[in-house]
Amino acid sequence: MVQAPGTIEPIPGHSAPRGSGAVWARRAATALLAAFVAAGLANVFGQRSTTTVAEAPAARLTVDGPVRLRQGDVGQVRIAVAAATRIVRPRLVLGDGFLEQFTVNTITPEPAAEGAGVGHWLLVYDPVPAGGTLVVRIQFQVGSQGAGKRSQDVELRDGDAVLASVHRRLIVFP
């Protein structure tokens, strides 16, 4: 230990002796913080977009959007329907993960009708001709109390008949 000059008295136990576990505890805490920052930079907690596709004889359903978000994030989900045959009454049935602790800012194009039921949200559109496409974009913001896991399933229906469905899980980090 370094000797205190003249009139300065050292405080007993103030400086840790060499070989103390305190040095290793500080190093471990710094390494843990660095690992957390590296995971954030690697977009582990971020908004990287993921594409999920469902093929069916009548249509192809593609859902593109983030599956990991943070509270307060603003994002977009893109739902594309490529019709192989005419879809007379196209309906998109969205899982409750699209509504739970989300603020929907815009839906483009605006549906002809919409409604919500227990555990789902329904968007009704005008007919899609064979060979035609319908692209729906939903812009949203995650609420401040929205942490957790939830389902973001999407079903494409023609009236009540299910044509294709995509199953997605969304994780919202605090």
# chains A, B, ... in the order shown; residues from 1 in each chain; ligands from 1
call {"tool": "select_by_dssp", "arguments": {"residues": "range 13-143 of chain A", "states": "strand (DSSP E)", "output": "ChimeraX atom specification"}}
result
/A:49-55,59-66,68-70,74-83,90-95,102-108,113-117,120-124,133-142
call {"tool": "select_by_dssp", "arguments": {"residues": "range 37-111 of chain A", "states": "alpha helix (DSSP H)", "output": "number ranges by chain"}}
result
A: 37-41
call {"tool": "residues_around", "arguments": {"residues": "Asn105 in chain A", "least_positions_apart": "5", "cutoff": "9 Å", "atoms": "only C-alpha atoms", "output": "JSON, numbers by chain"}}
result
{"A": [138, 139, 140, 141]}
call {"tool": "atom_distance", "arguments": {"atom1": "CA of Val74 in chain A", "atom2": "CA of Ala59 in chain A"}}
result
29.5 Å
call {"tool": "closest_residue", "arguments": {"among": "A:Ala80, A:Ser49, A:Lys149, A:Thr85", "to": "Val63 in chain A", "atoms": "only C-alpha atoms"}}
result
A:Ala80
call {"tool": "atom_distance", "arguments": {"atom1": "CA of Gln71 in chain A", "atom2": "CA of Ala34 in chain A"}}
result
22.0 Å
call {"tool": "atom_distance", "arguments": {"atom1": "CA of Gly146 in chain A", "atom2": "CA of Thr108 in chain A"}}
result
23.8 Å
call {"tool": "residues_around", "arguments": {"residues": "range 167-174 of chain A", "least_positions_apart": "3", "cutoff": "9 Å", "atoms": "only C-alpha atoms", "output": "ChimeraX atom specification"}}
result
/A:45,52,66-71,97,142,144-155
call {"tool": "residues_around", "arguments": {"residues": "Gly131 in chain A", "least_positions_apart": "4", "cutoff": "8 Å", "atoms": "only C-alpha atoms", "output": "PyMOL selection string"}}
result
chain A and resi 82-86
call {"tool": "closest_atom_pairs", "arguments": {"of": "range 11-128 of chain A", "to": "range 161-165 of chain A", "cutoff": "10 Å", "atoms": "only C-alpha atoms", "output": "Markdown table"}}
result
| residue | atom | partner | partner_atom | distance |
| --- | --- | --- | --- | --- |
| A:Thr52 | CA | A:Ser165 | CA | 9.9 |
| A:Val53 | CA | A:Ser165 | CA | 8.6 |
| A:Ala54 | CA | A:Ala164 | CA | 6.0 |
| A:Glu55 | CA | A:Ala164 | CA | 6.8 |
| A:Ala56 | CA | A:Ala164 | CA | 5.9 |
| A:Pro57 | CA | A:Leu163 | CA | 8.1 |
| A:Ala58 | CA | A:Leu163 | CA | 6.5 |
| A:Ala59 | CA | A:Leu163 | CA | 6.9 |
| A:Arg60 | CA | A:Ala164 | CA | 7.2 |
| A:Leu61 | CA | A:Ala164 | CA | 6.4 |
| A:Thr62 | CA | A:Ser165 | CA | 9.3 |
| A:Val63 | CA | A:Ser165 | CA | 9.8 |
| A:Val81 | CA | A:Ala164 | CA | 9.6 |
| A:Ile87 | CA | A:Leu163 | CA | 9.4 |
| A:Arg89 | CA | A:Ala161 | CA | 9.7 |
| A:Pro90 | CA | A:Leu163 | CA | 9.5 |
| A:Arg91 | CA | A:Val162 | CA | 9.2 |
| A:Leu92 | CA | A:Ser165 | CA | 9.5 |
| A:Val93 | CA | A:Ser165 | CA | 9.1 |
| A:Leu94 | CA | A:Ser165 | CA | 9.9 |
call {"tool": "write_last_selection", "arguments": {"atoms": "C-alpha atoms", "output": "PDB file, in the first residue's frame"}}
result
ATOM      1  CA  THR A  52     -43.135 -15.433 -44.159  1.00  0.00           C
ATOM      2  CA  VAL A  53     -44.881 -16.993 -47.172  1.00  0.00           C
ATOM      3  CA  ALA A  54     -47.871 -19.320 -47.536  1.00  0.00           C
ATOM      4  CA  GLU A  55     -48.508 -20.952 -50.919  1.00  0.00           C
ATOM      5  CA  ALA A  56     -51.960 -22.221 -51.854  1.00  0.00           C
ATOM      6  CA  PRO A  57     -53.596 -23.154 -55.164  1.00  0.00           C
ATOM      7  CA  ALA A  58     -55.795 -20.039 -55.112  1.00  0.00           C
ATOM      8  CA  ALA A  59     -53.269 -17.459 -53.877  1.00  0.00           C
ATOM      9  CA  ARG A  60     -49.887 -16.728 -52.382  1.00  0.00           C
ATOM     10  CA  LEU A  61     -49.837 -14.849 -49.066  1.00  0.00           C
ATOM     11  CA  THR A  62     -46.657 -12.998 -48.067  1.00  0.00           C
ATOM     12  CA  VAL A  63     -46.220 -11.200 -44.743  1.00  0.00           C
ATOM     13  CA  VAL A  81     -51.770 -11.330 -51.811  1.00  0.00           C
ATOM     14  CA  ILE A  87     -60.867 -13.808 -55.081  1.00  0.00           C
ATOM     15  CA  ARG A  89     -64.549 -11.446 -51.246  1.00  0.00           C
ATOM     16  CA  PRO A  90     -60.953 -11.069 -50.014  1.00  0.00           C
ATOM     17  CA  ARG A  91     -60.646 -10.823 -46.259  1.00  0.00           C
ATOM     18  CA  LEU A  92     -57.523 -10.589 -44.158  1.00  0.00           C
ATOM     19  CA  VAL A  93     -57.958 -11.953 -40.659  1.00  0.00           C
ATOM     20  CA  LEU A  94     -55.157 -10.677 -38.423  1.00  0.00           C
TER      21      LEU A  94
END
call {"tool": "residues_around", "arguments": {"residues": "Arg137 in chain A", "least_positions_apart": "3", "cutoff": "7 Å", "atoms": "only C-alpha atoms", "output": "number ranges by chain"}}
result
A: 76-79, 107-108
call {"tool": "write_last_selection", "arguments": {"atoms": "C-alpha atoms", "output": "mmCIF file, in the first residue's frame"}}
result
data_model
loop_
_atom_site.group_PDB
_atom_site.id
_atom_site.type_symbol
_atom_site.label_atom_id
_atom_site.label_comp_id
_atom_site.auth_asym_id
_atom_site.auth_seq_id
_atom_site.Cartn_x
_atom_site.Cartn_y
_atom_site.Cartn_z
ATOM 1 C CA GLN A 76 -44.596 -1.473 -40.749
ATOM 2 C CA VAL A 77 -46.053 -4.827 -41.780
ATOM 3 C CA ARG A 78 -46.515 -5.483 -45.487
ATOM 4 C CA ILE A 79 -49.087 -8.107 -46.503
ATOM 5 C CA ILE A 107 -53.613 1.127 -43.256
ATOM 6 C CA THR A 108 -52.923 1.462 -46.966
#
call {"tool": "decode", "arguments": {"residues": "range 37-113 of chain A", "atoms": "C-alpha atoms", "output": "short mmCIF file (atom, residue, chain, number, x, y, z; two decimals), in the first residue's frame"}}
result
data_model
loop_
_atom_site.label_atom_id
_atom_site.label_comp_id
_atom_site.auth_asym_id
_atom_site.auth_seq_id
_atom_site.Cartn_x
_atom_site.Cartn_y
_atom_site.Cartn_z
CA VAL A 37 -24.28 -3.58 -26.30
CA ALA A 38 -22.87 -5.99 -28.92
CA ALA A 39 -26.20 -7.88 -29.01
CA GLY A 40 -28.02 -4.59 -29.57
CA LEU A 41 -25.65 -3.62 -32.37
CA ALA A 42 -26.19 -7.07 -33.95
CA ASN A 43 -29.93 -6.23 -34.06
CA VAL A 44 -30.93 -8.98 -31.64
CA PHE A 45 -33.50 -6.62 -30.10
CA GLY A 46 -34.25 -4.68 -33.27
CA GLN A 47 -36.66 -4.29 -36.14
CA ARG A 48 -35.07 -6.51 -38.76
CA SER A 49 -37.79 -7.50 -41.20
CA THR A 50 -38.71 -11.17 -41.64
CA THR A 51 -40.70 -12.54 -44.58
CA THR A 52 -43.14 -15.43 -44.16
CA VAL A 53 -44.88 -16.99 -47.17
CA ALA A 54 -47.87 -19.32 -47.54
CA GLU A 55 -48.51 -20.95 -50.92
CA ALA A 56 -51.96 -22.22 -51.85
CA PRO A 57 -53.60 -23.15 -55.16
CA ALA A 58 -55.80 -20.04 -55.11
CA ALA A 59 -53.27 -17.46 -53.88
CA ARG A 60 -49.89 -16.73 -52.38
CA LEU A 61 -49.84 -14.85 -49.07
CA THR A 62 -46.66 -13.00 -48.07
CA VAL A 63 -46.22 -11.20 -44.74
CA ASP A 64 -43.15 -9.02 -44.30
CA GLY A 65 -42.42 -7.21 -41.06
CA PRO A 66 -40.44 -7.25 -37.84
CA VAL A 67 -40.85 -10.13 -35.40
CA ARG A 68 -38.79 -8.48 -32.63
CA LEU A 69 -39.54 -4.96 -31.46
CA ARG A 70 -38.95 -2.65 -28.53
CA GLN A 71 -41.56 -0.59 -26.70
CA GLY A 72 -42.12 2.70 -28.48
CA ASP A 73 -40.83 1.44 -31.85
CA VAL A 74 -42.57 2.52 -35.03
CA GLY A 75 -42.81 -0.15 -37.70
CA GLN A 76 -44.60 -1.47 -40.75
CA VAL A 77 -46.05 -4.83 -41.78
CA ARG A 78 -46.52 -5.48 -45.49
CA ILE A 79 -49.09 -8.11 -46.50
CA ALA A 80 -49.15 -9.13 -50.16
CA VAL A 81 -51.77 -11.33 -51.81
CA ALA A 82 -50.99 -12.69 -55.29
CA ALA A 83 -54.20 -14.24 -56.63
CA ALA A 84 -53.91 -17.28 -58.91
CA THR A 85 -57.70 -17.34 -59.28
CA ARG A 86 -60.24 -14.58 -58.75
CA ILE A 87 -60.87 -13.81 -55.08
CA VAL A 88 -64.43 -12.51 -54.92
CA ARG A 89 -64.55 -11.45 -51.25
CA PRO A 90 -60.95 -11.07 -50.01
CA ARG A 91 -60.65 -10.82 -46.26
CA LEU A 92 -57.52 -10.59 -44.16
CA VAL A 93 -57.96 -11.95 -40.66
CA LEU A 94 -55.16 -10.68 -38.42
CA GLY A 95 -54.23 -12.21 -35.07
CA ASP A 96 -54.59 -10.31 -31.82
CA GLY A 97 -50.88 -9.42 -31.88
CA PHE A 98 -51.73 -6.67 -34.35
CA LEU A 99 -54.00 -4.94 -31.84
CA GLU A 100 -52.63 -5.75 -28.40
CA GLN A 101 -50.67 -2.70 -27.15
CA PHE A 102 -50.25 -1.38 -30.71
CA THR A 103 -51.39 1.95 -32.06
CA VAL A 104 -52.24 1.57 -35.73
CA ASN A 105 -51.30 4.78 -37.53
CA THR A 106 -52.36 3.97 -41.09
CA ILE A 107 -53.61 1.13 -43.26
CA THR A 108 -52.92 1.46 -46.97
CA PRO A 109 -55.07 0.88 -48.97
CA GLU A 110 -57.99 1.54 -46.73
CA PRO A 111 -60.24 -1.53 -46.44
CA ALA A 112 -63.82 -1.45 -47.73
CA ALA A 113 -64.85 -2.64 -44.24
#
